[in-house]
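Below is one structure, written out as structure tokens, with a few remarks after it.
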Amino acid sequence: MRVRRGVQFVALGLSMLLAGCGSAPLPGGEGGDGYTVMIEFADVTDLVEYSSVKVDEVTVGEVSSVAVTNDWTAAVEVQINPEVDLPANAIARLRQTSLLGEKFVDLSAPTEEKPKGTLDDGDTIPLGHTDRGAEVEEVLGALALVLQGGGLSQLRTINTELVDVMEGREGEIKDTLSELDEFMSSLDEQKEEIVIALEALDDLSVKLADQKDTIGDAIDAIAPGVTTLAEQEDLITDAIVALGELGDTGSEVIEQSGDETIAMLQDLQPILENLVAAGDDFPQALELGASYPFPSNITDAIDDDFVNLHITLDASLEDILGNLLGPTPIEDDRQGNEPDEPGQEPGSGIDPITGGLEDLLGVGIGGGDEEEE
């Protein structure tokens, strides 16, 4: 009886212990009250309940449940300690403590955008803000793809070819690496200018994208011109060939007439020097010649079809007769000329006042009587 009762007490204690394990946290987990957040993952692999939830490698909660939604995504419910503050747009990643360690959920603030709001009880971290690390099986599978089917032999071939290429060219390769190092250093020193150039190129691309309709219309408008040029290709070619022949002919003419051209330029040099020395006198002379016989100050005074003109007239009788009859013997004598008629003495002849009128009118002037024939 005592043995049977002892067995019953032991069975009762084990049953109570197993019943308490449903609500007790696992070793390393965080229990207690907190707020609940739902996280959507594309794949949680072997994540289980009571797995840790960490922030900056510090455990702040645990996984309450793992379920599958209608769109075949994993819905992971986590319980976080109340003193933990996270932004509403927090990032959730599924990570592993070691190569073969347990899975845990890592929470952090976003890095590609500014933190917004506060993560509260009942909030959901959407699928776009979740990610998971590569599994060991995936890494080994990728390595198997590389090594399977002669991957190692290909690596060996590449290594052998590199050795053959570099053998005997160590100095040249060293110089090349030195120049490459200088080039990379120069790029590093000019990284700000490169960033500015890339930003300017980005702005240009944006402006070109905004003007794509205009650019398209311009290209469409250029198309007929290009077609016309293509049709006139033969004529353009002939014109270029003819222009080349003209250049050759011109070169021959210049070579043959080089001495004559230099001589003409030397003969032209004094004329140009005199024109330069004339200064403003030459243009003024041309202006006066164009307005002959009236100077420009008179032609400028002409208004419409009339002009006021002042003339001084010298009406000396001696000058008039002299212009009409020619010089008198007295004037000839004064000038030292010989008489017009043989035997005529100097000082005699037509009277400067009356003699000319007598000859002009055919009558005598004075007191003398004419003799009748």
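By convention in this document, the chains of the structure tokens carry letters A, B, ... by their order, each chain's residues are numbered from 1, and ligands are numbered from 1 in the order they are shown.
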If we count only C-alpha atoms, what is near stretch 69-84 of chain A at a cut-off of 9 Å, once residues fewer than 3 positions away on the same chain are taken out, given as a compact mmCIF listing (two decimals) with N, CA, C and O atoms, in the first residue's frame?
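Dumped to selection-v8.txt:
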# COMPACT_ATOMS: atom_id res chain seq x y z
N GLU A 30 12.39 35.17 -22.47
CA GLU A 30 11.87 36.25 -21.65
C GLU A 30 10.40 36.01 -21.39
O GLU A 30 9.62 35.83 -22.33
N GLY A 31 9.99 35.96 -20.16
CA GLY A 31 8.59 35.78 -19.84
C GLY A 31 8.00 37.06 -19.30
O GLY A 31 8.55 38.14 -19.44
N GLY A 32 6.87 37.00 -18.67
CA GLY A 32 6.25 38.18 -18.09
C GLY A 32 5.33 38.87 -19.05
O GLY A 32 5.13 38.45 -20.19
N ASP A 33 4.75 39.96 -18.57
CA ASP A 33 3.80 40.73 -19.37
C ASP A 33 4.55 41.61 -20.36
O ASP A 33 5.72 41.96 -20.18
N GLY A 34 3.88 42.06 -21.40
CA GLY A 34 4.44 42.92 -22.43
C GLY A 34 3.39 43.19 -23.49
O GLY A 34 2.20 42.91 -23.32
N TYR A 35 3.79 43.73 -24.62
CA TYR A 35 2.85 43.97 -25.71
C TYR A 35 3.13 42.99 -26.83
O TYR A 35 4.25 42.52 -27.03
N THR A 36 2.05 42.69 -27.58
CA THR A 36 2.09 41.65 -28.61
C THR A 36 2.15 42.30 -29.98
O THR A 36 1.42 43.26 -30.27
N VAL A 37 3.03 41.77 -30.84
CA VAL A 37 3.20 42.27 -32.21
C VAL A 37 3.16 41.08 -33.15
O VAL A 37 3.74 40.02 -32.86
N MET A 38 2.49 41.24 -34.30
CA MET A 38 2.41 40.22 -35.32
C MET A 38 3.43 40.53 -36.42
O MET A 38 3.49 41.66 -36.92
N ILE A 39 4.22 39.54 -36.79
CA ILE A 39 5.26 39.71 -37.81
C ILE A 39 4.98 38.74 -38.95
O ILE A 39 4.74 37.56 -38.71
N GLU A 40 5.05 39.25 -40.21
CA GLU A 40 4.82 38.43 -41.39
C GLU A 40 6.17 38.07 -42.02
O GLU A 40 6.98 38.95 -42.31
N PHE A 41 6.39 36.76 -42.21
CA PHE A 41 7.61 36.26 -42.85
C PHE A 41 7.23 35.46 -44.09
O PHE A 41 6.19 34.79 -44.11
N ALA A 42 8.08 35.52 -45.11
CA ALA A 42 7.85 34.68 -46.29
C ALA A 42 8.16 33.23 -45.98
O ALA A 42 7.55 32.31 -46.53
N ASP A 43 9.14 33.00 -45.07
CA ASP A 43 9.53 31.64 -44.70
C ASP A 43 10.22 31.71 -43.35
O ASP A 43 11.11 32.55 -43.13
N VAL A 44 9.81 30.86 -42.41
CA VAL A 44 10.43 30.84 -41.09
C VAL A 44 11.23 29.56 -40.85
O VAL A 44 11.76 29.36 -39.76
N TYR A 50 8.41 29.94 -28.32
CA TYR A 50 9.32 30.25 -27.22
C TYR A 50 10.74 30.56 -27.70
O TYR A 50 11.67 30.59 -26.88
N VAL A 53 13.35 36.69 -28.94
CA VAL A 53 13.22 37.93 -29.71
C VAL A 53 14.27 38.87 -29.16
O VAL A 53 14.28 39.17 -27.95
N VAL A 55 16.91 42.50 -29.53
CA VAL A 55 17.20 43.83 -30.06
C VAL A 55 18.65 44.14 -29.70
O VAL A 55 19.01 44.16 -28.51
N VAL A 60 14.69 40.44 -25.58
CA VAL A 60 13.65 41.35 -25.08
C VAL A 60 12.26 40.71 -25.15
O VAL A 60 11.27 41.36 -24.82
N GLY A 61 12.14 39.47 -25.62
CA GLY A 61 10.83 38.84 -25.73
C GLY A 61 10.96 37.44 -26.26
O GLY A 61 12.07 36.87 -26.37
N GLU A 62 9.80 36.87 -26.63
CA GLU A 62 9.79 35.51 -27.12
C GLU A 62 8.68 35.34 -28.13
O GLU A 62 7.75 36.16 -28.23
N VAL A 63 8.77 34.26 -28.91
CA VAL A 63 7.77 33.93 -29.92
C VAL A 63 6.60 33.25 -29.23
O VAL A 63 6.77 32.25 -28.52
N SER A 64 5.38 33.79 -29.43
CA SER A 64 4.18 33.21 -28.81
C SER A 64 3.58 32.12 -29.67
O SER A 64 3.15 31.08 -29.16
N SER A 65 3.54 32.35 -31.00
CA SER A 65 2.93 31.36 -31.89
C SER A 65 3.45 31.55 -33.29
O SER A 65 3.90 32.63 -33.68
N VAL A 66 3.37 30.47 -34.09
CA VAL A 66 3.75 30.49 -35.50
C VAL A 66 2.62 29.85 -36.27
O VAL A 66 2.22 28.72 -35.97
N VAL A 105 14.29 35.87 -33.56
CA VAL A 105 13.79 37.03 -34.31
C VAL A 105 14.56 38.26 -33.84
O VAL A 105 14.59 38.55 -32.63
N LEU A 127 5.19 42.23 -44.50
CA LEU A 127 6.14 41.36 -45.19
C LEU A 127 7.28 42.16 -45.80
O LEU A 127 8.42 41.69 -45.90
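Coordinates place atom CA of A:Gly141 at a distance of 15.0 Å from atom CA of A:Leu99.
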DSSP strand (DSSP E or B) residues within stretch 66-220 of chain A, listed as an mmCIF file with C-alpha atoms, in the first residue's frame:
data_model
loop_
_atom_site.group_PDB
_atom_site.id
_atom_site.type_symbol
_atom_site.label_atom_id
_atom_site.label_comp_id
_atom_site.auth_asym_id
_atom_site.auth_seq_id
_atom_site.Cartn_x
_atom_site.Cartn_y
_atom_site.Cartn_z
ATOM 1 C CA VAL A 66 3.754 30.490 -35.497
ATOM 2 C CA ALA A 67 0.950 30.060 -38.033
ATOM 3 C CA VAL A 68 0.348 30.011 -41.778
ATOM 4 C CA ALA A 74 4.080 32.785 -41.948
ATOM 5 C CA ALA A 75 2.433 34.848 -39.203
ATOM 6 C CA VAL A 76 4.688 34.965 -36.150
ATOM 7 C CA GLU A 77 3.247 36.422 -32.962
ATOM 8 C CA VAL A 78 5.849 37.761 -30.523
ATOM 9 C CA GLN A 79 5.584 39.169 -27.031
ATOM 10 C CA ILE A 80 7.952 42.055 -26.240
ATOM 11 C CA ILE A 91 12.592 45.790 -39.338
ATOM 12 C CA ALA A 92 12.306 42.098 -38.354
ATOM 13 C CA ARG A 93 14.920 39.539 -39.459
ATOM 14 C CA LEU A 94 15.099 35.805 -38.852
ATOM 15 C CA ARG A 95 18.649 35.000 -37.695
ATOM 16 C CA GLN A 96 20.604 32.157 -36.126
ATOM 17 C CA LYS A 103 16.670 30.539 -34.639
ATOM 18 C CA PHE A 104 15.598 33.879 -33.176
ATOM 19 C CA VAL A 105 13.793 37.026 -34.308
ATOM 20 C CA ASP A 106 15.952 40.166 -34.498
ATOM 21 C CA LEU A 107 14.178 43.561 -34.312
ATOM 22 C CA SER A 108 15.845 46.852 -35.263
ATOM 23 C CA THR A 124 1.844 44.279 -37.479
ATOM 24 C CA ILE A 125 5.265 44.358 -39.127
ATOM 25 C CA THR A 130 10.962 41.401 -42.835
ATOM 26 C CA ASP A 131 13.843 39.280 -44.048
ATOM 27 C CA ARG A 132 15.730 36.123 -43.172
#
Quiz item: Got a sec to tell me which of stretch 12-196 of chain A DSSP assigns to helix (DSSP H, G or I), as a PyMOL selection string?
Solution: chain A and resi 12-20+127-129+136-147+151-166+170-189+191-196
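The coordinates place atom CA of A:Ala88 at 11.3 Å from atom CA of A:Gly122.
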Self-check item: Point-to-point distance in Å for atom CA of A:Leu143 and atom CA of A:Ile158
Solution: 18.0 Å
